[in-house]
file final14.pdb (PDB, C-alpha atoms)
ATOM      1  CA  MET C 141     -14.560  17.764  31.762
ATOM      2  CA  ALA C 142     -17.674  16.948  33.763
ATOM      3  CA  TRP C 143     -20.344  14.726  32.245
ATOM      4  CA  ASP C 144     -22.971  17.481  32.512
ATOM      5  CA  GLU C 145     -20.739  19.840  30.567
ATOM      6  CA  TRP C 146     -20.241  17.214  27.861
ATOM      7  CA  GLU C 147     -23.999  16.719  27.520
ATOM      8  CA  ARG C 148     -24.526  20.499  27.357
ATOM      9  CA  LEU C 149     -21.906  20.853  24.590
ATOM     10  CA  LYS C 150     -23.491  18.025  22.608
ATOM     11  CA  ALA C 151     -26.917  19.668  22.899
ATOM     12  CA  GLU C 152     -25.510  23.024  21.760
ATOM     13  CA  ALA C 153     -23.855  21.399  18.760
ATOM     14  CA  ALA C 154     -27.092  19.631  17.844
ATOM     15  CA  ASP C 155     -29.012  22.917  18.091
ATOM     16  CA  GLN C 156     -26.638  24.714  15.731
ATOM     17  CA  GLN C 157     -26.915  22.123  12.916
ATOM     18  CA  SER C 158     -24.354  24.100  10.953
ATOM     19  CA  PRO C 159     -24.057  22.849   7.356
ATOM     20  CA  ARG C 160     -20.333  23.658   7.561
ATOM     21  CA  MET C 161     -19.652  20.987  10.170
ATOM     22  CA  ARG C 162     -20.456  17.310   9.699
ATOM     23  CA  LEU C 163     -19.088  14.908  12.217
ATOM     24  CA  ASN C 164     -18.481  11.248  11.392
ATOM     25  CA  GLN C 165     -20.200  11.299   8.032
ATOM     26  CA  VAL C 166     -19.796  12.295   4.423
ATOM     27  CA  PRO C 167     -22.351  14.092   2.282
ATOM     28  CA  PRO C 168     -24.875  11.649   0.807
ATOM     29  CA  GLU C 169     -24.339  10.522  -2.780
ATOM     30  CA  PRO C 170     -26.890  11.514  -5.418
ATOM     31  CA  ARG C 171     -29.659   9.003  -6.035
ATOM     32  CA  GLY C 172     -28.653   6.343  -8.488
ATOM     33  CA  GLY C 173     -25.254   6.068  -6.815
ATOM     34  CA  GLY C 174     -21.971   6.549  -8.484
ATOM     35  CA  GLY C 175     -21.293  10.217  -8.483
ATOM     36  CA  SER C 176     -18.327  10.961 -10.720
ATOM     37  CA  GLN C 177     -17.321   8.162 -13.055
ATOM     38  CA  GLN C 178     -13.812   9.576 -13.329
ATOM     39  CA  GLY C 179     -11.407   8.697 -10.524
ATOM     40  CA  ASP C 180      -8.750  10.994  -9.175
ATOM     41  CA  LEU C 181      -6.024   8.391  -8.735
ATOM     42  CA  ALA C 182      -3.116   8.785 -11.116
ATOM     43  CA  VAL C 183       0.165   6.945 -11.161
ATOM     44  CA  ASN C 184       3.121   7.015 -13.492
ATOM     45  CA  GLN C 185       6.078   4.727 -14.141
ATOM     46  CA  THR C 186       8.336   6.801 -11.887
ATOM     47  CA  ASP C 187       5.937   6.284  -8.959
ATOM     48  CA  LEU C 188       5.697   2.554  -9.627
ATOM     49  CA  ALA C 189       9.463   2.245  -9.918
ATOM     50  CA  ALA C 190       9.920   4.036  -6.590
ATOM     51  CA  ILE C 191       7.462   1.667  -4.899
ATOM     52  CA  GLY C 192       9.193  -1.349  -6.414
ATOM     53  CA  ASP C 193      12.597  -0.073  -5.336
ATOM     54  CA  ALA C 194      11.357   0.601  -1.796
ATOM     55  CA  ALA C 195       9.897  -2.909  -1.592
ATOM     56  CA  PHE C 196      13.189  -4.393  -2.790
ATOM     57  CA  GLU C 197      15.213  -2.363  -0.271
ATOM     58  CA  LEU C 198      12.831  -3.332   2.542
ATOM     59  CA  HIS C 199      13.178  -6.971   1.526
ATOM     60  CA  GLN C 200      16.966  -6.762   1.575
ATOM     61  CA  ASP C 201      17.291  -4.774   4.802
ATOM     62  CA  PHE C 202      14.591  -6.583   6.753
ATOM     63  CA  GLY C 203      15.900  -9.973   5.652
ATOM     64  CA  ARG C 204      19.308  -9.190   7.091
ATOM     65  CA  VAL C 205      18.065  -7.591  10.323
ATOM     66  CA  SER C 206      15.337 -10.147  10.994
ATOM     67  CA  GLU C 207      17.805 -13.001  10.701
ATOM     68  CA  HIS C 208      19.987 -11.352  13.350
ATOM     69  CA  ALA C 209      16.965 -10.898  15.662
ATOM     70  CA  ARG C 210      15.889 -14.521  15.162
ATOM     71  CA  ALA C 211      19.336 -15.923  15.910
ATOM     72  CA  ALA C 212      19.811 -13.741  19.001
ATOM     73  CA  SER C 213      16.343 -14.641  20.334
ATOM     74  CA  GLN C 214      16.853 -18.351  19.820
ATOM     75  CA  LYS C 215      20.289 -18.227  21.458
ATOM     76  CA  ALA C 216      18.854 -16.350  24.456
ATOM     77  CA  ALA C 217      15.944 -18.801  24.675
ATOM     78  CA  GLY C 218      18.334 -21.746  24.687
ATOM     79  CA  GLY C 219      20.430 -20.169  27.427
ATOM     80  CA  LEU C 220      17.384 -19.477  29.587
ATOM     81  CA  LYS C 221      16.065 -23.019  29.099
ATOM     82  CA  THR C 222      19.454 -24.487  30.040
ATOM     83  CA  GLN C 223      19.446 -22.493  33.268
ATOM     84  CA  GLY C 224      15.944 -23.738  34.101
ATOM     85  CA  PHE C 225      13.997 -20.542  33.430
ATOM     86  CA  ALA C 226      10.434 -20.997  32.106
ATOM     87  CA  LEU C 227      10.904 -17.755  30.204
ATOM     88  CA  GLY C 228      13.210 -19.649  27.825
ATOM     89  CA  GLY C 229      10.294 -21.667  26.417
ATOM     90  CA  ALA C 230       8.210 -18.526  25.991
ATOM     91  CA  LEU C 231      11.031 -16.715  24.209
ATOM     92  CA  ASP C 232      11.529 -19.732  21.957
ATOM     93  CA  HIS C 233       7.825 -19.598  21.061
ATOM     94  CA  VAL C 234       8.143 -15.881  20.248
ATOM     95  CA  ALA C 235      11.196 -16.580  18.069
ATOM     96  CA  SER C 236       9.263 -19.265  16.173
ATOM     97  CA  ARG C 237       6.378 -16.880  15.537
ATOM     98  CA  TRP C 238       8.922 -14.242  14.485
ATOM     99  CA  ILE C 239      10.238 -16.599  11.819
ATOM    100  CA  ASP C 240       6.738 -17.141  10.399
ATOM    101  CA  GLN C 241       5.834 -13.453  10.444
ATOM    102  CA  SER C 242       9.122 -12.264   8.974
ATOM    103  CA  ARG C 243       8.844 -14.824   6.158
ATOM    104  CA  SER C 244       5.368 -13.472   5.383
ATOM    105  CA  LEU C 245       6.717  -9.920   5.188
ATOM    106  CA  LEU C 246       9.681 -10.980   3.075
ATOM    107  CA  ASP C 247       7.394 -12.888   0.697
ATOM    108  CA  ALA C 248       5.079  -9.886   0.395
ATOM    109  CA  THR C 249       7.885  -7.414  -0.340
ATOM    110  CA  ALA C 250       9.415  -9.779  -2.884
ATOM    111  CA  HIS C 251       6.021 -10.202  -4.540
ATOM    112  CA  ILE C 252       5.484  -6.434  -4.743
ATOM    113  CA  SER C 253       8.955  -5.816  -6.140
ATOM    114  CA  ASN C 254       8.737  -8.635  -8.679
ATOM    115  CA  HIS C 255       5.213  -7.681  -9.772
ATOM    116  CA  LEU C 256       6.180  -4.066 -10.368
ATOM    117  CA  ASP C 257       9.283  -5.136 -12.305
ATOM    118  CA  PHE C 258       7.098  -7.408 -14.453
ATOM    119  CA  THR C 259       4.500  -4.661 -14.921
ATOM    120  CA  LYS C 260       7.204  -2.198 -15.967
ATOM    121  CA  GLY C 261       8.484  -4.646 -18.580
ATOM    122  CA  ALA C 262       5.002  -5.481 -19.834
ATOM    123  CA  HIS C 263       4.093  -1.816 -20.230
ATOM    124  CA  ALA C 264       7.379  -1.106 -21.977
ATOM    125  CA  GLY C 265       6.458  -3.834 -24.474
ATOM    126  CA  ASP C 266       3.000  -2.297 -24.866
ATOM    127  CA  GLU C 267       4.573   1.094 -25.556
ATOM    128  CA  VAL C 268       6.779  -0.382 -28.279
ATOM    129  CA  HIS C 269       3.758  -2.093 -29.870
ATOM    130  CA  ILE C 270       1.597   1.046 -29.710
ATOM    131  CA  SER C 271       4.407   3.209 -31.051
ATOM    132  CA  GLY C 272       4.929   0.823 -33.963
ATOM    133  CA  THR C 273       1.213   0.718 -34.722
ATOM    134  CA  VAL C 274       0.842   4.492 -34.605
ATOM    135  CA  SER C 275       3.890   5.033 -36.821
ATOM    136  CA  SER C 276       2.483   2.484 -39.299
ATOM    137  CA  ILE C 277      -0.777   4.432 -39.424
ATOM    138  CA  ALA C 278       1.161   7.642 -40.036
ATOM    139  CA  THR C 279       2.956   5.957 -42.953
ATOM    140  CA  LEU C 280      -0.373   4.812 -44.395
ATOM    141  CA  ASP C 281      -1.848   8.288 -43.994
ATOM    142  CA  ALA C 282       1.132   9.780 -45.808
ATOM    143  CA  GLY C 283       0.554   7.320 -48.655
ATOM    144  CA  PHE C 284      -3.099   8.298 -48.939
ATOM    145  CA  ASN C 285      -2.201  11.971 -48.896
ATOM    146  CA  GLU C 286       0.294  11.424 -51.762
ATOM    147  CA  ARG C 287      -2.368   9.649 -53.791
ATOM    148  CA  LYS C 288      -4.826  12.511 -53.307
ATOM    149  CA  GLY C 289      -2.183  14.948 -54.392
ATOM    150  CA  ALA C 290      -1.975  16.709 -51.086
TER
END
call {"tool": "encode", "arguments": {"input": "final14.pdb", "output": "structure tokens"}}
result
Amino acid sequence: MAWDEWERLKAEAADQQSPRMRLNQVPPEPRGGGGSQQGDLAVNQTDLAAIGDAAFELHQDFGRVSEHARAASQKAAGGLKTQGFALGGALDHVASRWIDQSRSLLDATAHISNHLDFTKGAHAGDEVHISGTVSSIATLDAGFNERKGA
């Protein structure tokens, strides 16, 4: 596309100022900010469990595969160094960085998995507490209804 044609198309688009098309922007928020106070994000225990399971599986699989890649890279680096290739030192440096980066990923996936397992257990305890409290209230209500003769 020629530069002149691009400029012409931009000018035509600016002339149209169609309210249906807004490029690179969102409609302005009402004054006072905020907009809706209610979010649209919803999550349930099944979703959280799936995320936790995926993090655990990634941790397991990546841990195994990354160890193989590290060992192979370090072995190749050693062989290249022994034969006098400068590339051996560079590959050794890459393998060292790989170790650091893969540990970071493994730590993150373990943290996600463990946190979601903890959250699941904590919420299960909350559910038991709430259920017990609500059933106690129902028992009290029944007692009051008996006293009133209902």
call {"tool": "closest_residue", "arguments": {"input": "final14.pdb", "among": "C:Leu231, C:Ala142, C:Leu256, C:Leu245", "to": "C:Leu198", "atoms": "all atoms listed in the file"}}
result
C:Leu245
call {"tool": "atom_distance", "arguments": {"input": "final14.pdb", "atom1": "atom CA of C:Phe196", "atom2": "atom CA of C:Gln241"}}
result
17.6 Å
call {"tool": "atom_distance", "arguments": {"input": "final14.pdb", "atom1": "atom CA of C:Asp193", "atom2": "atom CA of C:Trp238"}}
result
24.6 Å
call {"tool": "resolve_selection", "arguments": {"input": "final14.pdb", "expression": "the PyMOL selection byres ((chain C and resi 202-213) around 10)", "output": "PyMOL selection string"}}
result
chain C and resi 196-201+214-219+228+231-239+242-243+245-246+249
call {"tool": "closest_residue", "arguments": {"input": "final14.pdb", "among": "C:Ala153, C:Ala195, C:Asp187, C:Glu147", "to": "C:His251", "atoms": "only C-alpha atoms"}}
result
C:Ala195
call {"tool": "atom_distance", "arguments": {"input": "final14.pdb", "atom1": "atom CA of C:Ala190", "atom2": "atom CA of C:Ala248"}}
result
16.3 Å
call {"tool": "build_atoms", "arguments": {"input": "final14.pdb", "residues": "stretch 235-246 of chain C", "atoms": "all heavy atoms", "output": "mmCIF file, in the frame of the given file"}}
result
data_model
loop_
_atom_site.group_PDB
_atom_site.id
_atom_site.type_symbol
_atom_site.label_atom_id
_atom_site.label_comp_id
_atom_site.auth_asym_id
_atom_site.auth_seq_id
_atom_site.Cartn_x
_atom_site.Cartn_y
_atom_site.Cartn_z
ATOM 1 N N ALA C 235 10.241 -16.513 19.180
ATOM 2 C CA ALA C 235 11.196 -16.580 18.069
ATOM 3 C C ALA C 235 10.621 -17.393 16.910
ATOM 4 O O ALA C 235 10.812 -17.035 15.740
ATOM 5 C CB ALA C 235 12.517 -17.185 18.540
ATOM 6 N N SER C 236 9.889 -18.454 17.228
ATOM 7 C CA SER C 236 9.263 -19.265 16.173
ATOM 8 C C SER C 236 8.197 -18.465 15.433
ATOM 9 O O SER C 236 8.106 -18.524 14.204
ATOM 10 C CB SER C 236 8.625 -20.521 16.762
ATOM 11 O OG SER C 236 9.603 -21.345 17.324
ATOM 12 N N ARG C 237 7.393 -17.728 16.173
ATOM 13 C CA ARG C 237 6.378 -16.880 15.537
ATOM 14 C C ARG C 237 7.051 -15.789 14.713
ATOM 15 O O ARG C 237 6.567 -15.409 13.657
ATOM 16 C CB ARG C 237 5.466 -16.259 16.592
ATOM 17 C CG ARG C 237 4.600 -17.243 17.335
ATOM 18 C CD ARG C 237 3.547 -17.875 16.459
ATOM 19 N NE ARG C 237 2.647 -16.854 15.980
ATOM 20 C CZ ARG C 237 1.969 -16.930 14.860
ATOM 21 N NH1 ARG C 237 2.070 -17.988 14.096
ATOM 22 N NH2 ARG C 237 1.182 -15.954 14.476
ATOM 23 N N TRP C 238 8.174 -15.272 15.209
ATOM 24 C CA TRP C 238 8.922 -14.242 14.485
ATOM 25 C C TRP C 238 9.338 -14.775 13.119
ATOM 26 O O TRP C 238 9.239 -14.071 12.118
ATOM 27 C CB TRP C 238 10.140 -13.816 15.297
ATOM 28 C CG TRP C 238 11.032 -12.859 14.554
ATOM 29 C CD1 TRP C 238 12.178 -13.148 13.903
ATOM 30 C CD2 TRP C 238 10.809 -11.463 14.362
ATOM 31 N NE1 TRP C 238 12.705 -12.020 13.320
ATOM 32 C CE2 TRP C 238 11.871 -10.964 13.589
ATOM 33 C CE3 TRP C 238 9.813 -10.584 14.775
ATOM 34 C CZ2 TRP C 238 11.962 -9.638 13.220
ATOM 35 C CZ3 TRP C 238 9.914 -9.254 14.401
ATOM 36 C CH2 TRP C 238 10.987 -8.800 13.642
ATOM 37 N N ILE C 239 9.807 -16.001 13.086
ATOM 38 C CA ILE C 239 10.238 -16.599 11.819
ATOM 39 C C ILE C 239 9.078 -16.615 10.832
ATOM 40 O O ILE C 239 9.223 -16.207 9.677
ATOM 41 C CB ILE C 239 10.787 -18.027 12.048
ATOM 42 C CG1 ILE C 239 12.095 -17.975 12.835
ATOM 43 C CG2 ILE C 239 11.002 -18.755 10.723
ATOM 44 C CD1 ILE C 239 12.544 -19.335 13.362
ATOM 45 N N ASP C 240 7.908 -17.081 11.288
ATOM 46 C CA ASP C 240 6.738 -17.141 10.399
ATOM 47 C C ASP C 240 6.333 -15.759 9.905
ATOM 48 O O ASP C 240 6.069 -15.564 8.713
ATOM 49 C CB ASP C 240 5.551 -17.777 11.128
ATOM 50 C CG ASP C 240 5.787 -19.233 11.489
ATOM 51 O OD1 ASP C 240 6.660 -19.868 10.862
ATOM 52 O OD2 ASP C 240 5.093 -19.726 12.406
ATOM 53 N N GLN C 241 6.269 -14.798 10.813
ATOM 54 C CA GLN C 241 5.834 -13.453 10.444
ATOM 55 C C GLN C 241 6.844 -12.754 9.538
ATOM 56 O O GLN C 241 6.465 -12.073 8.580
ATOM 57 C CB GLN C 241 5.577 -12.614 11.703
ATOM 58 C CG GLN C 241 4.454 -13.141 12.567
ATOM 59 C CD GLN C 241 3.137 -13.201 11.836
ATOM 60 O OE1 GLN C 241 2.772 -12.273 11.125
ATOM 61 N NE2 GLN C 241 2.412 -14.290 11.991
ATOM 62 N N SER C 242 8.119 -12.921 9.817
ATOM 63 C CA SER C 242 9.122 -12.264 8.974
ATOM 64 C C SER C 242 9.154 -12.891 7.585
ATOM 65 O O SER C 242 9.330 -12.180 6.594
ATOM 66 C CB SER C 242 10.504 -12.289 9.627
ATOM 67 O OG SER C 242 10.961 -13.603 9.807
ATOM 68 N N ARG C 243 8.930 -14.192 7.488
ATOM 69 C CA ARG C 243 8.844 -14.824 6.158
ATOM 70 C C ARG C 243 7.667 -14.266 5.374
ATOM 71 O O ARG C 243 7.766 -14.044 4.162
ATOM 72 C CB ARG C 243 8.719 -16.335 6.292
ATOM 73 C CG ARG C 243 10.021 -17.010 6.598
ATOM 74 C CD ARG C 243 9.872 -18.517 6.603
ATOM 75 N NE ARG C 243 11.112 -19.137 7.053
ATOM 76 C CZ ARG C 243 11.171 -20.268 7.714
ATOM 77 N NH1 ARG C 243 10.068 -20.940 8.013
ATOM 78 N NH2 ARG C 243 12.334 -20.769 8.077
ATOM 79 N N SER C 244 6.541 -14.048 6.056
ATOM 80 C CA SER C 244 5.368 -13.472 5.383
ATOM 81 C C SER C 244 5.686 -12.087 4.834
ATOM 82 O O SER C 244 5.334 -11.759 3.697
ATOM 83 C CB SER C 244 4.179 -13.382 6.340
ATOM 84 O OG SER C 244 3.751 -14.653 6.720
ATOM 85 N N LEU C 245 6.359 -11.262 5.642
ATOM 86 C CA LEU C 245 6.717 -9.920 5.188
ATOM 87 C C LEU C 245 7.721 -9.984 4.041
ATOM 88 O O LEU C 245 7.586 -9.264 3.051
ATOM 89 C CB LEU C 245 7.281 -9.088 6.335
ATOM 90 C CG LEU C 245 7.718 -7.677 5.953
ATOM 91 C CD1 LEU C 245 6.541 -6.861 5.447
ATOM 92 C CD2 LEU C 245 8.381 -6.990 7.124
ATOM 93 N N LEU C 246 8.692 -10.854 4.148
ATOM 94 C CA LEU C 246 9.681 -10.980 3.075
ATOM 95 C C LEU C 246 9.034 -11.469 1.785
ATOM 96 O O LEU C 246 9.345 -10.970 0.695
ATOM 97 C CB LEU C 246 10.812 -11.920 3.503
ATOM 98 C CG LEU C 246 11.748 -11.360 4.568
ATOM 99 C CD1 LEU C 246 12.673 -12.456 5.088
ATOM 100 C CD2 LEU C 246 12.542 -10.189 4.036
#
